[in-house]
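Structure file my_file01.pdb with PDB, C-alpha atoms:
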ATOM      1  CA  MET A  16       0.000   0.000   0.000
ATOM      2  CA  LEU A  17       2.890   2.310   0.845
ATOM      3  CA  GLU A  18       4.448   1.464  -2.501
ATOM      4  CA  GLY A  19       1.241   2.424  -4.274
ATOM      5  CA  ALA A  20       1.047   5.698  -2.381
ATOM      6  CA  LEU A  21       4.653   6.498  -3.241
ATOM      7  CA  LEU A  22       3.982   5.732  -6.887
ATOM      8  CA  LEU A  23       0.976   8.024  -6.941
ATOM      9  CA  ALA A  24       3.000  10.775  -5.272
ATOM     10  CA  ALA A  25       5.784  10.375  -7.831
ATOM     11  CA  LEU A  26       3.306  10.481 -10.699
ATOM     12  CA  ALA A  27       1.621  13.550  -9.259
ATOM     13  CA  ALA A  28       4.993  15.294  -9.201
ATOM     14  CA  GLY A  29       5.523  14.741 -12.932
ATOM     15  CA  ASP A  30       6.588  17.861 -14.809
ATOM     16  CA  PRO A  31       5.009  18.103 -18.271
ATOM     17  CA  LYS A  32       7.652  20.517 -19.506
ATOM     18  CA  ALA A  33      10.405  18.066 -18.639
ATOM     19  CA  GLY A  34       8.201  15.345 -20.094
ATOM     20  CA  GLU A  35       8.200  17.055 -23.481
ATOM     21  CA  ALA A  36      11.960  16.512 -23.650
ATOM     22  CA  VAL A  37      11.519  12.872 -22.678
ATOM     23  CA  TYR A  38       8.893  12.544 -25.410
ATOM     24  CA  SER A  39      11.581  13.305 -28.011
ATOM     25  CA  ARG A  40      12.727   9.719 -27.404
ATOM     26  CA  CYS A  41       9.412   8.530 -28.819
ATOM     27  CA  LEU A  42       9.519  10.530 -32.037
ATOM     28  CA  ALA A  43      11.001   7.822 -34.255
ATOM     29  CA  CYS A  44       7.682   6.000 -34.098
ATOM     30  CA  HIS A  45       5.048   8.208 -32.498
ATOM     31  CA  SER A  46       3.528  11.650 -32.573
ATOM     32  CA  LEU A  47       0.741  13.207 -30.603
ATOM     33  CA  GLU A  48      -1.563  13.883 -33.505
ATOM     34  CA  ARG A  49      -0.714  11.350 -36.227
ATOM     35  CA  HIS A  50      -0.448   7.611 -36.555
ATOM     36  CA  ARG A  51       3.047   6.609 -37.569
ATOM     37  CA  THR A  52       4.962   3.368 -37.033
ATOM     38  CA  GLY A  53       3.155   3.468 -33.718
ATOM     39  CA  PRO A  54      -0.263   4.940 -32.907
ATOM     40  CA  ARG A  55      -0.845   8.594 -32.107
ATOM     41  CA  HIS A  56      -0.877   9.578 -28.457
ATOM     42  CA  CYS A  57      -3.656  12.107 -28.325
ATOM     43  CA  GLY A  58      -6.709  10.689 -26.625
ATOM     44  CA  LEU A  59      -4.564   8.114 -24.889
ATOM     45  CA  PHE A  60      -5.894   8.411 -21.358
ATOM     46  CA  GLY A  61      -8.869   6.161 -20.770
ATOM     47  CA  ARG A  62      -8.377   4.396 -24.092
ATOM     48  CA  ARG A  63      -8.145   0.639 -24.187
ATOM     49  CA  ALA A  64      -4.736  -0.518 -25.432
ATOM     50  CA  GLY A  65      -4.764  -1.506 -29.077
ATOM     51  CA  SER A  66      -7.840   0.500 -29.941
ATOM     52  CA  ALA A  67      -6.773   3.865 -31.379
ATOM     53  CA  PRO A  68      -9.183   4.507 -34.258
ATOM     54  CA  GLY A  69      -7.522   4.255 -37.662
ATOM     55  CA  PHE A  70      -4.358   2.493 -36.511
ATOM     56  CA  GLU A  71      -4.162  -0.948 -38.085
ATOM     57  CA  GLU A  72      -0.710  -2.173 -37.084
ATOM     58  CA  TYR A  73      -1.265  -3.235 -33.502
ATOM     59  CA  SER A  74       0.246  -6.508 -32.389
ATOM     60  CA  ALA A  75      -2.151  -9.225 -31.321
ATOM     61  CA  ALA A  76      -0.472  -9.031 -27.920
ATOM     62  CA  MET A  77      -1.373  -5.372 -27.482
ATOM     63  CA  LYS A  78      -4.945  -5.886 -28.615
ATOM     64  CA  ARG A  79      -5.503  -8.681 -26.111
ATOM     65  CA  SER A  80      -3.589  -7.027 -23.267
ATOM     66  CA  ARG A  81      -6.780  -5.649 -21.679
ATOM     67  CA  LEU A  82      -4.839  -2.630 -20.516
ATOM     68  CA  VAL A  83      -6.608   0.688 -20.238
ATOM     69  CA  TRP A  84      -4.177   3.585 -20.380
ATOM     70  CA  ASN A  85      -3.922   5.624 -17.223
ATOM     71  CA  GLU A  86      -1.063   6.798 -14.980
ATOM     72  CA  ARG A  87      -0.539   3.400 -13.421
ATOM     73  CA  THR A  88      -0.670   1.299 -16.592
ATOM     74  CA  LEU A  89       1.528   3.746 -18.456
ATOM     75  CA  GLU A  90       4.010   3.750 -15.591
ATOM     76  CA  ARG A  91       4.250  -0.010 -15.748
ATOM     77  CA  PHE A  92       4.357  -0.223 -19.543
ATOM     78  CA  LEU A  93       6.909   2.544 -20.022
ATOM     79  CA  ALA A  94       9.229   0.969 -17.450
ATOM     80  CA  ASN A  95       9.477  -2.185 -19.560
ATOM     81  CA  PRO A  96       7.159  -2.451 -22.567
ATOM     82  CA  MET A  97       8.211  -5.934 -23.662
ATOM     83  CA  LYS A  98       7.815  -7.387 -20.183
ATOM     84  CA  THR A  99       4.475  -5.705 -19.569
ATOM     85  CA  VAL A 100       3.040  -6.764 -22.943
ATOM     86  CA  PRO A 101       5.087  -9.704 -24.237
ATOM     87  CA  GLY A 102       4.807  -9.732 -28.004
ATOM     88  CA  THR A 103       4.324  -5.993 -28.372
ATOM     89  CA  THR A 104       5.841  -4.411 -31.443
ATOM     90  CA  MET A 105       6.986  -1.530 -29.256
ATOM     91  CA  THR A 106      10.388  -3.142 -29.069
ATOM     92  CA  TYR A 107      11.978  -0.613 -26.801
ATOM     93  CA  ALA A 108      13.824  -1.157 -23.540
ATOM     94  CA  GLY A 109      11.704   1.476 -21.833
ATOM     95  CA  VAL A 110      12.306   4.602 -19.805
ATOM     96  CA  PRO A 111      14.353   3.392 -16.855
ATOM     97  CA  GLU A 112      14.243   6.568 -14.755
ATOM     98  CA  ALA A 113      11.086   6.834 -12.581
ATOM     99  CA  LYS A 114      11.208  10.638 -12.646
ATOM    100  CA  ALA A 115      11.451  10.696 -16.447
ATOM    101  CA  ARG A 116       8.481   8.326 -16.660
ATOM    102  CA  ALA A 117       6.432  10.552 -14.348
ATOM    103  CA  ASP A 118       7.375  13.605 -16.426
ATOM    104  CA  LEU A 119       6.493  11.825 -19.668
ATOM    105  CA  ILE A 120       3.142  10.694 -18.313
ATOM    106  CA  ALA A 121       2.404  14.242 -17.122
ATOM    107  CA  TYR A 122       3.209  15.505 -20.629
ATOM    108  CA  LEU A 123       1.034  12.896 -22.315
ATOM    109  CA  LYS A 124      -1.795  13.783 -19.969
ATOM    110  CA  GLN A 125      -1.420  17.491 -20.614
ATOM    111  CA  GLU A 126      -1.258  17.042 -24.382
ATOM    112  CA  GLY A 127      -3.747  14.243 -24.352
ATOM    113  CA  LYS A 128      -6.708  15.568 -26.293
ATOM    114  CA  CYS A 129      -6.931  15.025 -30.016
ATOM    115  CA  PRO A 130      -7.513  18.084 -32.199
ATOM    116  CA  GLY A 131     -11.206  18.766 -32.531
ATOM    117  CA  SER A 132     -12.177  16.527 -29.619
TER     118      SER A 132
ATOM    119  CA  MET B  20      33.156 -13.123 -47.842
ATOM    120  CA  THR B  21      32.709 -11.060 -44.688
ATOM    121  CA  SER B  22      29.558  -9.207 -43.733
ATOM    122  CA  PHE B  23      29.667  -5.559 -42.721
ATOM    123  CA  PHE B  24      28.181  -6.634 -39.422
ATOM    124  CA  GLN B  25      30.729  -9.392 -38.985
ATOM    125  CA  LEU B  26      33.771  -7.149 -39.205
ATOM    126  CA  THR B  27      35.990  -7.148 -36.168
ATOM    127  CA  SER B  28      36.294  -3.435 -35.434
ATOM    128  CA  PRO B  29      34.416  -0.217 -36.163
ATOM    129  CA  ALA B  30      37.403   1.040 -38.144
ATOM    130  CA  VAL B  31      37.409  -2.029 -40.342
ATOM    131  CA  ALA B  32      33.647  -1.785 -40.725
ATOM    132  CA  ARG B  33      33.901   1.895 -41.606
ATOM    133  CA  ARG B  34      36.548   1.254 -44.244
ATOM    134  CA  ALA B  35      34.442  -1.502 -45.725
ATOM    135  CA  PHE B  36      31.448   0.792 -45.780
ATOM    136  CA  LEU B  37      33.392   3.609 -47.412
ATOM    137  CA  ARG B  38      34.713   1.235 -50.031
ATOM    138  CA  GLN B  39      31.128   0.779 -51.097
ATOM    139  CA  GLY B  40      30.907   4.534 -51.652
ATOM    140  CA  MET B  41      28.133   4.852 -49.036
ATOM    141  CA  ILE B  42      25.745   3.499 -51.629
ATOM    142  CA  LEU B  43      23.724   0.397 -50.985
ATOM    143  CA  SER B  44      24.803  -2.357 -53.268
ATOM    144  CA  GLY B  45      23.203  -5.661 -53.879
ATOM    145  CA  ALA B  46      26.404  -7.104 -52.503
ATOM    146  CA  ALA B  47      25.877  -5.388 -49.132
ATOM    147  CA  VAL B  48      22.520  -7.026 -48.700
ATOM    148  CA  ALA B  49      23.825 -10.325 -49.948
ATOM    149  CA  LEU B  50      26.667 -10.159 -47.454
ATOM    150  CA  LEU B  51      24.344  -9.852 -44.503
ATOM    151  CA  ALA B  52      21.784 -12.192 -45.956
ATOM    152  CA  GLY B  53      24.543 -14.748 -46.375
ATOM    153  CA  ARG B  54      25.296 -14.888 -42.670
ATOM    154  CA  GLU B  55      24.380 -18.392 -41.730
ATOM    155  CA  ALA B  56      25.845 -17.854 -38.268
ATOM    156  CA  LEU B  57      23.528 -14.970 -37.555
ATOM    157  CA  ALA B  58      20.429 -17.095 -37.644
ATOM    158  CA  ALA B  59      22.105 -19.826 -35.670
ATOM    159  CA  LYS B  60      23.230 -17.461 -32.936
ATOM    160  CA  ALA B  61      19.811 -15.888 -32.566
ATOM    161  CA  GLY B  62      18.345 -19.351 -32.259
ATOM    162  CA  GLY B  63      15.367 -20.751 -30.391
ATOM    163  CA  GLY B  64      12.476 -18.698 -29.127
ATOM    164  CA  SER B  65      14.508 -15.511 -29.141
ATOM    165  CA  THR B  66      14.562 -15.367 -32.922
ATOM    166  CA  ALA B  67      10.933 -14.292 -33.055
ATOM    167  CA  ALA B  68      11.631 -11.447 -30.642
ATOM    168  CA  ASP B  69      14.673 -10.359 -32.639
ATOM    169  CA  VAL B  70      12.618 -10.368 -35.818
ATOM    170  CA  ARG B  71       9.971  -8.261 -34.116
ATOM    171  CA  ILE B  72      12.586  -5.714 -33.027
ATOM    172  CA  LEU B  73      14.065  -5.627 -36.527
ATOM    173  CA  ASN B  74      10.633  -5.165 -38.075
ATOM    174  CA  THR B  75       9.821  -2.231 -35.820
ATOM    175  CA  ALA B  76      13.122  -0.653 -36.833
ATOM    176  CA  LEU B  77      12.404  -1.402 -40.476
ATOM    177  CA  GLY B  78       9.012   0.286 -40.256
ATOM    178  CA  ALA B  79      10.620   3.419 -38.841
ATOM    179  CA  GLU B  80      13.368   3.374 -41.473
ATOM    180  CA  LEU B  81      10.830   3.096 -44.290
ATOM    181  CA  GLU B  82       8.954   6.033 -42.822
ATOM    182  CA  ALA B  83      12.196   8.027 -42.645
ATOM    183  CA  VAL B  84      12.837   7.339 -46.334
ATOM    184  CA  ALA B  85       9.367   8.669 -47.121
ATOM    185  CA  ALA B  86       9.858  11.683 -44.848
ATOM    186  CA  TYR B  87      13.067  12.688 -46.598
ATOM    187  CA  GLN B  88      11.249  12.316 -49.908
ATOM    188  CA  VAL B  89       8.648  14.788 -48.689
ATOM    189  CA  GLY B  90      11.427  17.169 -47.692
ATOM    190  CA  ALA B  91      13.226  16.748 -51.010
ATOM    191  CA  GLU B  92      10.055  17.393 -52.991
ATOM    192  CA  SER B  93       8.946  20.321 -50.852
ATOM    193  CA  GLY B  94      10.863  22.858 -52.917
ATOM    194  CA  LEU B  95      11.969  24.423 -49.639
ATOM    195  CA  LEU B  96      15.535  23.085 -49.543
ATOM    196  CA  GLU B  97      18.509  24.912 -50.985
ATOM    197  CA  LYS B  98      20.760  22.863 -53.206
ATOM    198  CA  PRO B  99      23.456  21.837 -50.668
ATOM    199  CA  VAL B 100      20.807  20.971 -48.085
ATOM    200  CA  LEU B 101      18.883  19.024 -50.684
ATOM    201  CA  ALA B 102      22.014  17.028 -51.463
ATOM    202  CA  LEU B 103      22.469  16.318 -47.776
ATOM    203  CA  ALA B 104      18.851  15.208 -47.436
ATOM    204  CA  ALA B 105      19.308  12.873 -50.407
ATOM    205  CA  GLN B 106      22.419  11.405 -48.802
ATOM    206  CA  PHE B 107      20.669  10.849 -45.475
ATOM    207  CA  GLN B 108      17.692   9.324 -47.262
ATOM    208  CA  GLY B 109      20.144   6.976 -48.981
ATOM    209  CA  HIS B 110      21.459   5.878 -45.595
ATOM    210  CA  HIS B 111      17.944   5.119 -44.399
ATOM    211  CA  LYS B 112      17.331   3.101 -47.557
ATOM    212  CA  GLU B 113      20.484   1.140 -46.824
ATOM    213  CA  HIS B 114      19.375   0.522 -43.247
ATOM    214  CA  ALA B 115      15.953  -0.604 -44.457
ATOM    215  CA  ASP B 116      17.373  -2.951 -47.070
ATOM    216  CA  VAL B 117      19.806  -4.561 -44.648
ATOM    217  CA  LEU B 118      17.142  -4.890 -41.942
ATOM    218  CA  ALA B 119      14.712  -6.485 -44.402
ATOM    219  CA  ALA B 120      17.353  -8.910 -45.636
ATOM    220  CA  THR B 121      18.207  -9.866 -42.068
ATOM    221  CA  ILE B 122      14.567 -10.414 -41.158
ATOM    222  CA  ARG B 123      14.147 -12.715 -44.134
ATOM    223  CA  LYS B 124      17.351 -14.521 -43.264
ATOM    224  CA  LEU B 125      15.979 -15.161 -39.772
ATOM    225  CA  GLY B 126      12.837 -16.635 -41.282
ATOM    226  CA  GLY B 127      10.623 -13.635 -40.684
ATOM    227  CA  LYS B 128       8.472 -11.550 -42.973
ATOM    228  CA  ALA B 129       9.708  -8.007 -43.466
ATOM    229  CA  VAL B 130       7.114  -5.268 -43.126
ATOM    230  CA  ALA B 131       6.479  -3.260 -46.268
ATOM    231  CA  ALA B 132       6.368   0.497 -46.617
ATOM    232  CA  LYS B 133       2.947   1.970 -45.997
ATOM    233  CA  THR B 134       1.039   3.095 -49.044
ATOM    234  CA  ARG B 135       0.542   6.450 -47.366
ATOM    235  CA  TYR B 136       2.299   8.311 -44.566
ATOM    236  CA  ASP B 137       0.719  11.110 -42.599
ATOM    237  CA  PHE B 138       3.352  13.830 -42.288
ATOM    238  CA  PRO B 139       2.727  17.342 -40.971
ATOM    239  CA  VAL B 140       3.334  18.889 -44.403
ATOM    240  CA  GLU B 141       1.092  21.855 -43.629
ATOM    241  CA  SER B 142       3.554  22.981 -40.950
ATOM    242  CA  LEU B 143       6.582  22.875 -43.277
ATOM    243  CA  LYS B 144       6.836  26.465 -44.499
ATOM    244  CA  ASN B 145      10.561  26.932 -44.982
ATOM    245  CA  GLN B 146      13.883  25.109 -44.947
ATOM    246  CA  ALA B 147      14.275  25.417 -41.184
ATOM    247  CA  ASP B 148      10.899  23.740 -40.661
ATOM    248  CA  VAL B 149      11.983  20.802 -42.824
ATOM    249  CA  LEU B 150      15.324  20.540 -41.039
ATOM    250  CA  ARG B 151      13.642  20.683 -37.621
ATOM    251  CA  PHE B 152      11.177  17.988 -38.656
ATOM    252  CA  ALA B 153      14.008  15.773 -39.895
ATOM    253  CA  ALA B 154      16.075  16.455 -36.766
ATOM    254  CA  GLY B 155      13.166  15.323 -34.590
ATOM    255  CA  LEU B 156      12.891  12.079 -36.526
ATOM    256  CA  GLU B 157      16.630  11.463 -36.313
ATOM    257  CA  LYS B 158      16.704  12.188 -32.583
ATOM    258  CA  GLY B 159      13.825   9.763 -32.148
ATOM    259  CA  ALA B 160      15.684   7.182 -34.206
ATOM    260  CA  VAL B 161      18.734   7.493 -31.979
ATOM    261  CA  SER B 162      16.548   6.863 -28.930
ATOM    262  CA  ALA B 163      14.730   3.998 -30.618
ATOM    263  CA  TYR B 164      17.937   2.186 -31.528
ATOM    264  CA  LEU B 165      19.346   2.888 -28.081
ATOM    265  CA  GLY B 166      16.233   1.258 -26.658
ATOM    266  CA  ALA B 167      16.594  -1.706 -29.002
ATOM    267  CA  VAL B 168      20.310  -2.452 -28.634
ATOM    268  CA  PRO B 169      20.017  -4.211 -25.241
ATOM    269  CA  LEU B 170      16.983  -6.236 -26.289
ATOM    270  CA  PHE B 171      18.460  -8.426 -29.009
ATOM    271  CA  ALA B 172      19.202 -12.021 -28.160
ATOM    272  CA  SER B 173      21.902 -11.918 -30.818
ATOM    273  CA  ARG B 174      24.868  -9.740 -29.959
ATOM    274  CA  GLU B 175      25.626  -9.453 -33.667
ATOM    275  CA  LEU B 176      22.273  -7.747 -34.091
ATOM    276  CA  SER B 177      22.964  -5.442 -31.130
ATOM    277  CA  LYS B 178      26.201  -4.467 -32.804
ATOM    278  CA  ALA B 179      24.427  -3.858 -36.100
ATOM    279  CA  ALA B 180      21.790  -1.707 -34.377
ATOM    280  CA  ALA B 181      24.519   0.268 -32.619
ATOM    281  CA  SER B 182      26.176   0.857 -35.977
ATOM    282  CA  ILE B 183      22.935   2.302 -37.351
ATOM    283  CA  LEU B 184      22.457   4.317 -34.142
ATOM    284  CA  GLY B 185      25.802   5.994 -34.779
ATOM    285  CA  ASP B 186      24.725   6.971 -38.276
ATOM    286  CA  GLU B 187      21.417   8.404 -37.037
ATOM    287  CA  ALA B 188      23.277  10.395 -34.380
ATOM    288  CA  MET B 189      25.500  11.910 -37.059
ATOM    289  CA  HIS B 190      22.416  12.889 -39.065
ATOM    290  CA  TRP B 191      20.897  14.483 -35.983
ATOM    291  CA  ALA B 192      24.062  16.435 -35.221
ATOM    292  CA  ILE B 193      24.422  17.728 -38.788
ATOM    293  CA  LEU B 194      20.778  18.786 -38.894
ATOM    294  CA  ARG B 195      21.113  20.618 -35.566
ATOM    295  CA  ASN B 196      24.216  22.322 -36.868
ATOM    296  CA  ALA B 197      22.368  23.396 -40.017
ATOM    297  CA  LEU B 198      19.687  24.896 -37.763
ATOM    298  CA  GLY B 199      22.318  26.903 -35.881
ATOM    299  CA  GLU B 200      21.902  24.772 -32.772
ATOM    300  CA  ASN B 201      24.603  23.100 -30.753
ATOM    301  CA  PRO B 202      25.197  19.965 -32.831
ATOM    302  CA  VAL B 203      26.189  17.854 -29.846
ATOM    303  CA  PRO B 204      24.156  19.175 -26.913
ATOM    304  CA  SER B 205      25.223  16.582 -24.377
ATOM    305  CA  ALA B 206      27.756  13.878 -23.662
ATOM    306  CA  PHE B 207      25.137  11.156 -23.739
ATOM    307  CA  VAL B 208      22.042  10.391 -25.776
ATOM    308  CA  ALA B 209      18.842   9.051 -24.249
TER     309      ALA B 209
END
Could you rewrite the structure in this file as structure tokens?
Amino acid sequence: MLEGALLLAALAAGDPKAGEAVYSRCLACHSLERHRTGPRHCGLFGRRAGSAPGFEEYSAAMKRSRLVWNERTLERFLANPMKTVPGTTMTYAGVPEAKARADLIAYLKQEGKCPGS
Amino acid sequence: MTSFFQLTSPAVARRAFLRQGMILSGAAVALLAGREALAAKAGGGSTAADVRILNTALGAELEAVAAYQVGAESGLLEKPVLALAAQFQGHHKEHADVLAATIRKLGGKAVAAKTRYDFPVESLKNQADVLRFAAGLEKGAVSAYLGAVPLFASRELSKAAASILGDEAMHWAILRNALGENPVPSAFVA
């Protein structure tokens, strides 16, 4: 329980401005507004993994993961994508620094809405 | 015959690469595709994971080729910058071809280029916009390869990915320099 409380506190302390710099690590495959090698990130929060409208390239593993993206699931996934969702095509070692993950999640939350939504 | 990825030192690999005039040749692909040992070393259940990593990289490389094409056809690039963009695009084509050949060698199916890419063309108004867009992609590529290097079951593939990472980092630095930014802003990449 203490661990969960600490995690929530760390996530709450995420700095979206610092998270924007962390997000530059994602730009080979992702953008906020457009589907690329990976799906777009706008509208991420509350979305079921593997369900971004218009993105066809999800792995079967992601589609059946049953994850719903929120602070906690993103924290877990970003720490080690291939361990969290074995078989994912997001073949990336992850963001090892807890602070960087919290910043990135804060940025994704801040920038989360899709244009026109 | 020795593969580029089988060479014993970066200097030897670099010389071999330069001998090919930095242009992808059928021989380069054949060299890698001819690596029987590569498939054997990857071996077992890890081969599927390695193929998946390679395919993700291939997808990003194919997108980079298309992105540079958009930049080249934008009419916004001055001649020397256009030549540079064409050279960098050529590197990405080489990466893509070698990755695809390796995937096939490992028994996988290489992803194809998308029929359509969704680039932010409406925001590209001048040369600096194109350079900044390309720099963002290259920076992302550096991070993506950095995140892939430790994941391969095959150390030969890690080495190959690190070799590509170095090339992407040079692209990123040159593009930053062209934008008037510090080309090497830190001692480490992330």
Residues of chain B were defined as contacting chain A if any atom lay at most 6 Å from it, counting all atoms listed in the file; please report them as a PDB file with C-alpha atoms, keeping the file's coordinate frame.
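Once everything was written out, this is out.pdb:
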ATOM      1  CA  ILE B  72      12.586  -5.714 -33.027  1.00  0.00           C
ATOM      2  CA  ALA B  79      10.620   3.419 -38.841  1.00  0.00           C
ATOM      3  CA  LEU B 156      12.891  12.079 -36.526  1.00  0.00           C
ATOM      4  CA  GLY B 159      13.825   9.763 -32.148  1.00  0.00           C
ATOM      5  CA  ALA B 160      15.684   7.182 -34.206  1.00  0.00           C
ATOM      6  CA  SER B 162      16.548   6.863 -28.930  1.00  0.00           C
ATOM      7  CA  GLY B 166      16.233   1.258 -26.658  1.00  0.00           C
ATOM      8  CA  ALA B 167      16.594  -1.706 -29.002  1.00  0.00           C
TER       9      ALA B 167
END
Do you have the CA of Ala68 in chain B-CA of Pro68 in chain A distance handy? 26.5 Å
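The two atoms in question, CA of Gly90 in chain B and CA of Ala102 in chain B, are spaced 11.2 Å apart.
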Carefully work through the PyMOL selection byres ((chain A and resi 78-87) around 8) for this structure and note down the residues it includes, as a ChimeraX atom specification. /A:26,59-66,73-77,88-91,100,120
Would you kindly return, as a PDB file with C-alpha atoms, in the frame of the given file, each protein, DNA or RNA residue with an atom no farther than 8 Å from any atom of range 144-147 of chain B, considering only C-alpha atoms and excluding same-chain residues fewer than 5 positions away?
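What landed in around.pdb:
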ATOM      1  CA  LEU B  95      11.969  24.423 -49.639  1.00  0.00           C
ATOM      2  CA  LEU B  96      15.535  23.085 -49.543  1.00  0.00           C
ATOM      3  CA  GLU B  97      18.509  24.912 -50.985  1.00  0.00           C
ATOM      4  CA  LEU B 198      19.687  24.896 -37.763  1.00  0.00           C
TER       5      LEU B 198
END
Using all atoms listed in the file, the shortest atom-to-atom distance to Ala115 in chain B among B:Glu141, B:Glu82, B:Glu187, B:Asp69 belongs to B:Glu82
Computed interatomic separation between CA of His110 in chain B and CA of Leu81 in chain B (Å):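 If I compute the distance from CA of His110 in chain B to CA of Leu81 in chain B, I get 11.1 Å.
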Could you give me, as JSON, numbers by chain, the residues within 12 Å of Phe171 in chain B, counting only C-alpha atoms and dropping anything in the same chain fewer than 3 positions from it? {"A": [97, 106, 107, 108], "B": [57, 60, 61, 62, 64, 65, 66, 67, 68, 69, 70, 71, 72, 73, 164, 165, 166, 167, 168, 174, 175, 176, 177, 178, 179, 180, 181]}
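Among the candidates B:Asp137, B:Ala209, B:Ile122, B:Leu103, the one nearest to Ala85 in chain B when counting all atoms listed in the file is B:Asp137.
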Give the answer as one residue: which of B:Arg135, B:Leu170, B:Lys158, B:Leu150 has the shortest atom-to-atom distance to Val203 in chain B, using all atoms listed in the file?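 Looking at the shortest contact to Val203 in chain B, the residue is B:Lys158.
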My list of candidates is B:Val100, B:Ala172, B:Met189, B:Val130. Which is closest to Glu80 in chain B when distances are computed with only C-alpha atoms?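 Of all the options, B:Val130 lies closest to Glu80 in chain B.
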